[in-house]
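Q: Contents of model.txt (compact mmCIF, C-alpha atoms) are given next:
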```txt
# COMPACT_ATOMS: atom_id res chain seq x y z
CA MET A 7 54.59 124.88 108.94
CA ILE A 8 58.17 125.74 109.91
CA SER A 9 59.41 129.16 108.92
CA ARG A 10 62.45 129.65 106.73
CA ARG A 11 64.23 131.29 109.66
CA LYS A 12 63.58 128.35 112.02
CA PHE A 13 64.49 125.83 109.34
CA LEU A 14 67.83 127.46 108.70
CA GLN A 15 68.60 127.78 112.39
CA ALA A 16 67.56 124.19 113.15
CA SER A 17 69.80 122.92 110.37
CA MET A 18 72.88 124.78 111.59
CA GLY A 19 75.97 122.65 111.30
CA THR A 20 74.76 120.48 108.46
CA ALA A 21 76.24 120.65 104.97
CA PHE A 22 72.89 121.75 103.57
CA SER A 23 72.46 124.65 105.96
CA ALA A 24 76.02 125.77 105.39
CA ALA A 25 75.38 125.94 101.66
CA ALA A 26 72.05 127.69 102.18
CA LEU A 27 73.51 130.28 104.53
CA ALA A 28 76.45 130.89 102.24
CA ALA A 29 74.03 132.19 99.63
CA PHE A 30 73.12 135.12 101.90
CA PRO A 31 75.23 138.27 102.32
CA PRO A 32 77.31 138.33 105.55
CA SER A 33 75.05 140.88 107.27
CA ILE A 34 71.98 138.69 106.72
CA ARG A 35 73.86 135.59 107.90
CA ARG A 36 74.72 137.41 111.12
CA ALA A 37 71.08 138.43 111.57
CA LEU A 38 69.85 134.86 111.05
CA ALA A 39 72.31 133.61 113.67
CA ILE A 40 70.83 135.82 116.41
CA PRO A 41 68.49 133.77 118.64
CA ALA A 42 64.93 135.05 118.79
CA ASN A 43 63.99 136.79 122.03
CA ASN A 44 61.24 134.29 122.85
CA ALA A 45 60.74 135.08 126.53
CA THR A 46 56.93 135.15 126.53
CA GLY A 47 56.00 134.18 122.99
CA THR A 48 54.01 137.40 122.64
CA ILE A 49 54.49 140.82 121.07
CA ALA A 50 55.95 141.91 124.40
CA ASP A 51 59.19 140.17 123.39
CA VAL A 52 59.84 142.86 120.77
CA GLU A 53 62.38 145.26 122.26
CA HIS A 54 63.39 147.36 119.26
CA VAL A 55 61.53 148.46 116.14
CA VAL A 56 63.53 149.95 113.26
CA ILE A 57 61.64 151.51 110.36
CA LEU A 58 63.44 152.48 107.18
CA MET A 59 61.40 154.31 104.57
CA GLN A 60 62.37 154.29 100.91
CA GLU A 61 60.31 155.91 98.20
CA ASN A 62 59.52 156.14 94.52
CA ARG A 63 59.54 152.36 94.07
CA SER A 64 56.48 150.16 93.69
CA PHE A 65 56.39 146.65 95.10
CA ASP A 66 56.47 145.09 91.63
CA HIS A 67 59.35 147.32 90.58
CA TYR A 68 61.47 145.52 93.19
CA PHE A 69 59.80 142.17 93.83
CA GLY A 70 57.40 141.53 90.96
CA THR A 71 59.48 138.49 89.92
CA LEU A 72 60.13 137.09 93.41
CA SER A 73 58.88 133.55 93.89
CA GLY A 74 55.89 133.21 96.18
CA VAL A 75 54.46 136.72 95.91
CA ARG A 76 51.57 137.89 93.76
CA GLY A 77 53.71 140.24 91.68
CA PHE A 78 53.46 139.80 87.94
CA GLY A 79 51.84 136.40 88.46
CA ASP A 80 48.75 137.93 90.06
CA ARG A 81 45.71 136.12 88.63
CA LEU A 82 43.19 138.72 89.80
CA THR A 83 44.39 141.92 88.19
CA ILE A 84 42.43 145.11 87.67
CA PRO A 85 40.31 144.93 84.50
CA MET A 86 41.08 147.57 81.90
CA PRO A 87 39.23 148.98 78.86
CA ASN A 88 39.02 146.79 75.74
CA GLY A 89 39.63 143.59 77.70
CA ARG A 90 43.21 144.49 78.67
CA ASN A 91 44.71 143.74 82.08
CA VAL A 92 46.57 146.22 84.27
CA TRP A 93 49.95 145.11 82.88
CA GLN A 94 48.92 146.38 79.45
CA GLN A 95 49.13 150.14 79.76
CA ALA A 96 48.31 152.50 76.89
CA ARG A 97 50.56 155.35 75.87
CA THR A 98 49.22 158.71 74.65
CA ASN A 99 49.28 157.47 71.04
CA GLY A 100 47.30 154.34 71.94
CA SER A 101 50.20 151.88 71.66
CA LEU A 102 50.58 149.42 74.54
CA ILE A 103 53.52 148.96 76.86
CA THR A 104 53.95 146.04 79.28
CA PRO A 105 56.38 145.70 82.20
CA TYR A 106 59.97 145.44 80.98
CA HIS A 107 63.21 144.39 82.64
CA LEU A 108 65.71 147.11 83.56
CA ASN A 109 68.59 144.83 82.64
CA GLY A 110 71.73 145.56 84.60
CA SER A 111 73.86 143.37 82.34
CA ALA A 112 73.01 145.51 79.32
CA ASN A 113 73.29 148.97 80.88
CA ASN A 114 73.42 150.76 84.21
CA ALA A 115 69.90 149.93 85.34
CA GLN A 116 70.34 151.77 88.63
CA ARG A 117 70.79 155.03 86.72
CA THR A 118 67.60 154.85 84.70
CA ALA A 119 65.71 158.10 84.27
CA GLY A 120 63.45 159.15 87.11
CA THR A 121 59.70 159.65 86.90
CA PRO A 122 57.45 162.50 88.12
CA HIS A 123 56.50 162.29 91.80
CA ALA A 124 53.89 164.92 92.66
CA TRP A 125 50.18 165.22 93.36
CA ALA A 126 49.02 166.02 89.83
CA ASP A 127 50.84 163.23 87.98
CA SER A 128 50.12 160.68 90.72
CA GLN A 129 46.42 161.41 90.63
CA ALA A 130 46.45 161.25 86.82
CA ALA A 131 48.15 157.82 86.89
CA TRP A 132 45.71 156.56 89.54
CA ASP A 133 42.87 157.80 87.29
CA HIS A 134 40.14 157.54 89.94
CA GLY A 135 41.08 153.94 90.66
CA ARG A 136 41.22 152.75 87.07
CA MET A 137 45.05 152.61 87.19
CA SER A 138 45.10 153.16 83.45
CA ARG A 139 47.42 156.10 82.76
CA TRP A 140 50.82 155.20 84.20
CA PRO A 141 52.96 155.66 81.06
CA VAL A 142 51.01 158.81 80.19
CA ALA A 143 51.42 160.48 83.59
CA LYS A 144 54.62 158.79 84.80
CA THR A 145 56.44 158.05 81.50
CA ASP A 146 57.38 154.61 80.14
CA THR A 147 59.99 154.26 82.90
CA SER A 148 57.19 153.58 85.37
CA MET A 149 56.76 150.16 83.74
CA GLY A 150 60.37 149.08 84.32
CA TYR A 151 61.32 146.52 86.97
CA PHE A 152 64.36 144.88 88.52
CA LYS A 153 65.23 141.23 88.92
CA GLU A 154 67.42 139.63 91.57
CA GLN A 155 70.57 140.31 89.54
CA GLU A 156 70.03 144.06 89.90
CA ILE A 157 69.15 144.11 93.61
CA PRO A 158 70.64 140.92 95.14
CA PHE A 159 70.67 142.23 98.71
CA GLN A 160 66.98 143.13 98.69
CA PHE A 161 66.11 139.68 97.31
CA ALA A 162 68.29 137.98 99.94
CA LEU A 163 66.58 140.00 102.66
CA ALA A 164 63.15 139.04 101.34
CA ASN A 165 64.12 135.36 101.13
CA ALA A 166 65.56 135.30 104.63
CA PHE A 167 62.71 137.03 106.41
CA THR A 168 59.08 138.04 105.85
CA LEU A 169 57.89 140.10 102.91
CA CYS A 170 54.42 141.64 102.67
CA ASP A 171 53.18 141.82 99.09
CA ALA A 172 50.23 144.17 99.59
CA TYR A 173 52.09 147.20 100.87
CA HIS A 174 51.12 150.54 99.35
CA CYS A 175 51.88 154.21 99.82
CA SER A 176 49.56 156.20 102.06
CA MET A 177 48.26 158.32 99.22
CA HIS A 178 48.93 158.90 95.53
CA THR A 179 51.14 161.97 95.73
CA GLY A 180 54.76 162.96 96.27
CA THR A 181 57.33 162.64 99.03
CA ASP A 182 56.29 164.91 101.89
CA ALA A 183 52.69 163.86 102.42
CA ASN A 184 53.63 160.18 102.47
CA ARG A 185 56.48 160.84 104.88
CA ALA A 186 54.13 162.83 107.10
CA PHE A 187 51.96 159.71 107.33
CA HIS A 188 55.15 157.77 108.07
CA ILE A 189 56.04 159.82 111.16
CA SER A 190 52.64 161.07 112.32
CA GLY A 191 49.88 159.00 110.72
CA THR A 192 48.30 161.93 108.89
CA ASN A 193 48.94 164.73 106.44
CA GLY A 194 46.90 167.16 108.50
CA ALA A 195 43.32 166.22 107.65
CA MET A 196 42.36 165.01 111.14
CA PRO A 197 44.20 167.41 113.47
CA LEU A 198 43.80 170.57 111.35
CA ASN A 199 40.75 169.80 109.19
CA ARG A 200 42.89 170.54 106.14
CA ALA A 201 45.52 168.51 104.36
CA PHE A 202 48.67 169.16 102.35
CA VAL A 203 49.52 167.08 99.28
CA ASN A 204 52.56 168.81 97.76
CA ASN A 205 56.10 169.19 99.07
CA GLU A 206 56.68 172.17 101.35
CA TRP A 207 58.54 173.21 104.51
CA ASP A 208 60.57 170.01 104.54
CA ALA A 209 64.18 171.28 104.86
CA ILE A 210 65.38 172.24 108.32
CA ASN A 211 67.83 175.07 108.97
CA GLY A 212 69.21 177.25 111.74
CA VAL A 213 67.39 180.47 110.84
CA ALA A 214 65.40 181.78 113.81
CA ALA A 215 62.81 183.44 111.57
CA ASP A 216 61.81 180.02 110.20
CA ALA A 217 61.10 178.45 113.60
CA ASN A 218 57.40 179.28 113.44
CA ILE A 219 56.95 177.92 109.91
CA GLY A 220 55.82 174.33 109.63
CA TYR A 221 53.32 171.80 110.90
CA THR A 222 51.99 171.77 114.43
CA TRP A 223 50.31 168.42 115.08
CA LYS A 224 51.95 165.76 117.22
CA THR A 225 54.37 163.23 115.74
CA TYR A 226 54.96 159.62 116.74
CA ALA A 227 58.29 160.67 118.24
CA GLU A 228 56.55 162.97 120.70
CA ARG A 229 53.97 160.33 121.55
CA LEU A 230 56.73 157.83 122.26
CA GLU A 231 58.46 160.41 124.46
CA GLU A 232 55.25 160.97 126.42
CA ALA A 233 54.91 157.20 126.91
CA GLY A 234 58.46 156.93 128.26
CA ILE A 235 59.71 154.97 125.26
CA ASN A 236 63.17 155.81 123.94
CA TRP A 237 63.46 156.68 120.26
CA ILE A 238 66.02 158.06 117.85
CA SER A 239 65.97 159.37 114.29
CA TYR A 240 69.08 158.49 112.31
CA GLN A 241 70.01 161.09 109.72
CA ASN A 242 73.18 161.85 107.78
CA MET A 243 72.68 165.59 107.37
CA PRO A 244 74.79 166.03 104.19
CA ASP A 245 72.37 163.58 102.55
CA GLU A 246 69.25 165.21 104.05
CA TRP A 247 67.49 166.91 101.16
CA GLY A 248 64.25 167.62 102.98
CA ASP A 249 63.14 163.98 103.26
CA ASN A 250 63.29 163.80 107.06
CA MET A 251 59.88 165.24 107.81
CA LEU A 252 60.61 165.89 111.48
CA GLY A 253 62.29 169.04 110.22
CA ALA A 254 58.98 170.25 108.85
CA PHE A 255 57.41 170.42 112.32
CA GLN A 256 57.71 173.55 114.45
CA THR A 257 58.50 171.56 117.60
CA PHE A 258 61.64 170.14 116.03
CA ARG A 259 62.61 173.39 114.33
CA ARG A 260 62.60 175.15 117.69
CA ALA A 261 64.45 172.25 119.32
CA ASN A 262 67.09 172.51 116.61
CA LEU A 263 67.62 176.20 117.38
CA ASN A 264 67.55 175.67 121.17
CA SER A 265 70.27 173.03 120.91
CA GLY A 266 72.83 175.82 120.56
CA PHE A 267 74.36 174.19 117.50
CA PRO A 268 71.63 173.88 114.89
CA VAL A 269 71.96 171.53 111.95
CA SER A 270 70.88 172.22 108.40
CA SER A 271 69.61 170.13 105.52
CA GLY A 272 71.99 169.37 102.69
CA GLY A 273 69.88 171.12 100.08
CA SER A 274 70.50 168.84 97.11
CA PRO A 275 73.24 166.45 95.97
CA GLY A 276 76.52 168.31 95.66
CA ALA A 277 74.99 171.64 96.74
CA PRO A 278 75.79 173.61 99.91
CA TYR A 279 73.87 173.19 103.11
CA THR A 280 70.83 175.44 103.20
CA ASN A 281 71.75 177.61 106.18
CA THR A 282 72.95 176.73 109.65
CA GLY A 283 72.28 180.28 110.84
CA ARG A 284 75.80 180.55 112.23
CA PRO A 285 78.45 183.06 111.08
CA CYS A 286 81.49 181.58 109.38
CA ARG A 287 84.87 181.80 111.05
CA THR A 288 88.35 180.46 110.46
CA ARG A 289 89.47 177.74 112.82
CA LEU A 290 92.82 176.11 113.43
CA THR A 291 93.02 172.36 113.00
CA THR A 292 96.13 170.55 114.19
CA ARG A 293 98.02 167.55 112.93
CA PRO A 294 100.12 165.23 115.07
CA PRO A 295 103.29 166.82 116.53
CA THR A 296 105.43 165.63 113.61
CA THR A 297 103.39 167.67 111.14
CA PRO A 298 102.98 171.46 111.27
CA PRO A 299 99.41 172.73 111.66
CA ILE A 300 97.51 174.14 108.73
CA ARG A 301 94.80 176.74 108.65
CA SER A 302 91.58 175.82 106.88
CA THR A 303 88.64 178.08 106.06
CA ARG A 304 85.05 176.91 105.66
CA ALA A 305 83.74 177.17 102.13
CA SER A 306 80.92 179.68 102.54
CA PRO A 307 81.90 183.37 102.91
CA THR A 308 78.87 184.25 105.02
CA ARG A 309 77.31 181.10 106.49
CA CYS A 310 78.93 177.95 107.79
CA ARG A 311 78.27 174.44 106.69
CA ALA A 312 77.12 171.87 109.20
CA PRO A 313 79.87 170.25 111.31
CA SER A 314 81.59 167.06 110.30
CA ARG A 315 79.92 163.85 111.42
CA SER A 316 83.01 161.73 110.79
CA SER A 317 82.96 160.56 114.41
CA THR A 318 80.29 158.25 115.77
CA TRP A 319 77.61 160.12 117.67
CA THR A 320 75.37 158.67 120.36
CA PRO A 321 72.43 160.18 122.21
CA SER A 322 73.23 161.86 125.50
CA GLY A 323 70.70 160.65 128.01
CA ARG A 324 67.20 159.82 126.85
CA THR A 325 66.55 160.70 123.26
CA SER A 326 63.97 163.42 122.81
CA PRO A 327 63.26 166.39 120.55
CA MET A 328 65.53 168.40 122.85
CA ALA A 329 68.29 165.78 123.15
CA SER A 330 71.86 166.83 122.63
CA CYS A 331 74.56 164.54 121.27
CA ARG A 332 78.06 163.64 122.32
CA ARG A 333 80.85 161.79 120.64
CA SER A 334 81.24 158.22 121.81
CA PRO A 335 84.16 157.57 124.19
CA GLY A 336 86.16 155.73 121.55
CA SER A 337 86.34 158.73 119.24
CA THR A 338 89.93 159.38 118.13
CA ARG A 339 91.71 161.61 115.70
CA ARG A 340 91.34 160.41 112.18
CA ARG A 341 92.50 161.66 108.83
CA SER A 342 89.74 163.22 106.77
CA THR A 343 89.61 164.00 103.10
CA ALA A 344 86.98 165.46 100.84
CA SER A 345 83.99 163.25 100.29
CA THR A 346 84.07 161.21 97.11
CA ARG A 347 80.40 162.06 96.64
CA GLY A 348 81.00 165.64 95.62
CA ARG A 349 80.51 167.32 99.00
CA PRO A 350 83.55 169.18 100.40
CA HIS A 351 84.72 168.25 103.86
CA PRO A 352 83.63 171.00 106.30
CA CYS A 353 87.21 171.75 107.40
CA ARG A 354 88.54 171.95 103.87
CA ALA A 355 88.34 175.00 101.66
CA ARG A 356 86.54 174.43 98.37
CA GLY A 357 89.00 173.81 95.59
CA SER A 358 91.84 173.07 97.98
CA SER A 359 93.83 169.85 97.66
CA ARG A 360 95.05 169.98 101.26
CA LYS A 361 94.01 167.43 103.84
CA CYS A 362 93.32 168.17 107.48
CA TRP A 363 92.98 166.42 110.81
CA THR A 364 89.74 166.42 112.70
CA ARG A 365 88.74 164.89 115.98
```
Could I get this file's structure written as structure tokens?

A:
Amino acid sequence: MISRRKFLQASMGTAFSAAALAAFPPSIRRALAIPANNATGTIADVEHVVILMQENRSFDHYFGTLSGVRGFGDRLTIPMPNGRNVWQQARTNGSLITPYHLNGSANNAQRTAGTPHAWADSQAAWDHGRMSRWPVAKTDTSMGYFKEQEIPFQFALANAFTLCDAYHCSMHTGTDANRAFHISGTNGAMPLNRAFVNNEWDAINGVAADANIGYTWKTYAERLEEAGINWISYQNMPDEWGDNMLGAFQTFRRANLNSGFPVSSGGSPGAPYTNTGRPCRTRLTTRPPTTPPIRSTRASPTRCRAPSRSSTWTPSGRTSPMASCRRSPGSTRRRSTASTRGRPHPCRARGSSRKCWTR
């Protein structure tokens, strides 16, 4: 059986393939056009592995209506009390709720209310494997789902490549424990003979006193380093709210401090960085010769925000927990304004309407 990828590539140049490819977003079309690295026909041909972890979304919430997956068409569902199936969930008052469409044409489906995401409510929804208390523990919103019209890129990605329809979280709990499995394969049970299930210690900062707080077992990143395999963790620090679990490990907390210019988590949307551990100071930023320089003060009176990442950064040498970064050679002066997402630019005083120049 020929794969969808091979079929589309083999048909390149025909009217049919042109129409089929046109249905995909440009980024996916570019990916499909890249020849497979089929040097040996084995797993050894894989040169790069990129893992992106999202959260708080079940498979059916995204792809329950996708053709070819089990989804809502699953014929072997979990049996429920009173002859119901798993799609028929009971509320506290005994009324039933079934999966419903979060219709983007009727309202802003992407802004629907969130649901609880912690150990207690997750265990209550799981209900010792009975899966019978989702609206009770997770609210009615847990039964909502998207169709292709709400998430067209995700559907295009699934249609162009391979989608696994039996993917589950590591354990029924919140963010941190599942992300610990993501980067280390455990939440502490094996290396420490104890496990954590609730969120803790996840935000990184530049405070020396916090360097010895956090987890101590070895992460995948360190194992890759020991094996001589390059790795990198991509993180936009203003959007880092404690979800990058490397910052919860003492090894990386100490590496952050030893870098000489520690970074800090963003705290929460629109809120200041937690603490870079560096005193605030006024700096002079210059414009081109035709424009007089202006003086700009960082927003915090006592602690500085993390530096701007407006330039592209690349790893200097082999990437490791101790790696430093440098701007790429093509970095040039560019005009910077306050972020449209509610976070002030680091070289702009809060409340100021002035713009500045950064390198």

Q: Of the candidates A:Thr98, A:Asn218, A:Gln155, A:Pro41, which shows the shortest atom-to-atom distance to Arg139 in chain A, using all atoms listed in the file?

A: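 Among the listed residues, the smallest separation from Arg139 in chain A belongs to A:Thr98.
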
Q: Just the number, please: distance in Å from CA of Ala201 in chain A to CA of Thr257 in chain A, one decimal.

A: 18.8 Å

Q: Hey, what's within 7 Å of Tyr221 in chain A if we count all atoms listed in the file and toss same-chain stuff fewer than 4 positions away? As a PyMOL selection string, please?

A: chain A and resi 254-256

Q: Identify, on the basis of all atoms listed in the file, every residue whose closest approach to Arg81 in chain A does not exceed 12 Å; exclude the query and any residue fewer than 6 positions from it along the same chain; express the result as a PyMOL selection string.

A: chain A and resi 75+91-93

Q: Select, from A:Thr222, A:Thr280, A:Ser190, A:Ser239, the residue with the minimum atom-to-atom distance to Ala209 in chain A, counting only C-alpha atoms.

A: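 Closest candidate: A:Thr280.
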
Q: Identify, on the basis of all atoms listed in the file, every residue whose closest approach to range 143-153 of chain A does not exceed 7 Å; exclude the query and any residue fewer than 4 positions from it along the same chain; express the result as a PyMOL selection string.

A: chain A and resi 66-68+71+104-108+121-122+127+130-131+139+157

Q: Leaving out Met59 in chain A and any residue of its chain fewer than 2 positions from it, which residues lie within 12 Å of it when counting all atoms listed in the file, given as a PyMOL selection string?

A: chain A and resi 56-57+61-63+175+181+184-189+239-240+249-251

Q: Between A:Ile238, A:Ala29, A:Ala164, A:Ala124, which has the minimum distance to Asn204 in chain A (counting all atoms listed in the file)?

A: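 Under the stated criterion, the closest residue is A:Ala124.
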
Q: Could you please determine the separation between CA of His174 in chain A and CA of Ser64 in chain A in Å, to one decimal place?

A: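 We find that CA of His174 in chain A and CA of Ser64 in chain A lie 7.8 Å from each other.
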
Q: Mind giving me the straight-line distance from CA of Trp237 in chain A to CA of Lys224 in chain A in Å, one decimal?

A: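 So the answer is 15.0 Å.
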
Q: List the spatial neighbours of Val203 in chain A as JSON, numbers by chain - criterion: any atom at most 8 Å away, only C-alpha atoms, same-chain residues fewer than 4 positions off excluded.

A: {"A": [125, 179, 180, 182, 183, 193]}

Q: When distances are computed from only C-alpha atoms, which of A:Arg76, A:Arg136, A:Arg90, A:His178 shows the smallest separation from His123 in chain A?

A: A:His178

Q: Taking into account all atoms listed in the file, which residue in the set A:Gly74, A:Asp208, A:Phe267, A:Asp216 is nearest to Thr168 in chain A?

A: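 Counting all atoms listed in the file, the residue closest to Thr168 in chain A is A:Gly74.
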
Q: When distances are computed from only C-alpha atoms, which of A:Phe161, A:Phe258, A:Phe69, A:Trp223 shows the smallest separation from Ile34 in chain A?

A: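 Closest to Ile34 in chain A, using only C-alpha atoms: A:Phe161.
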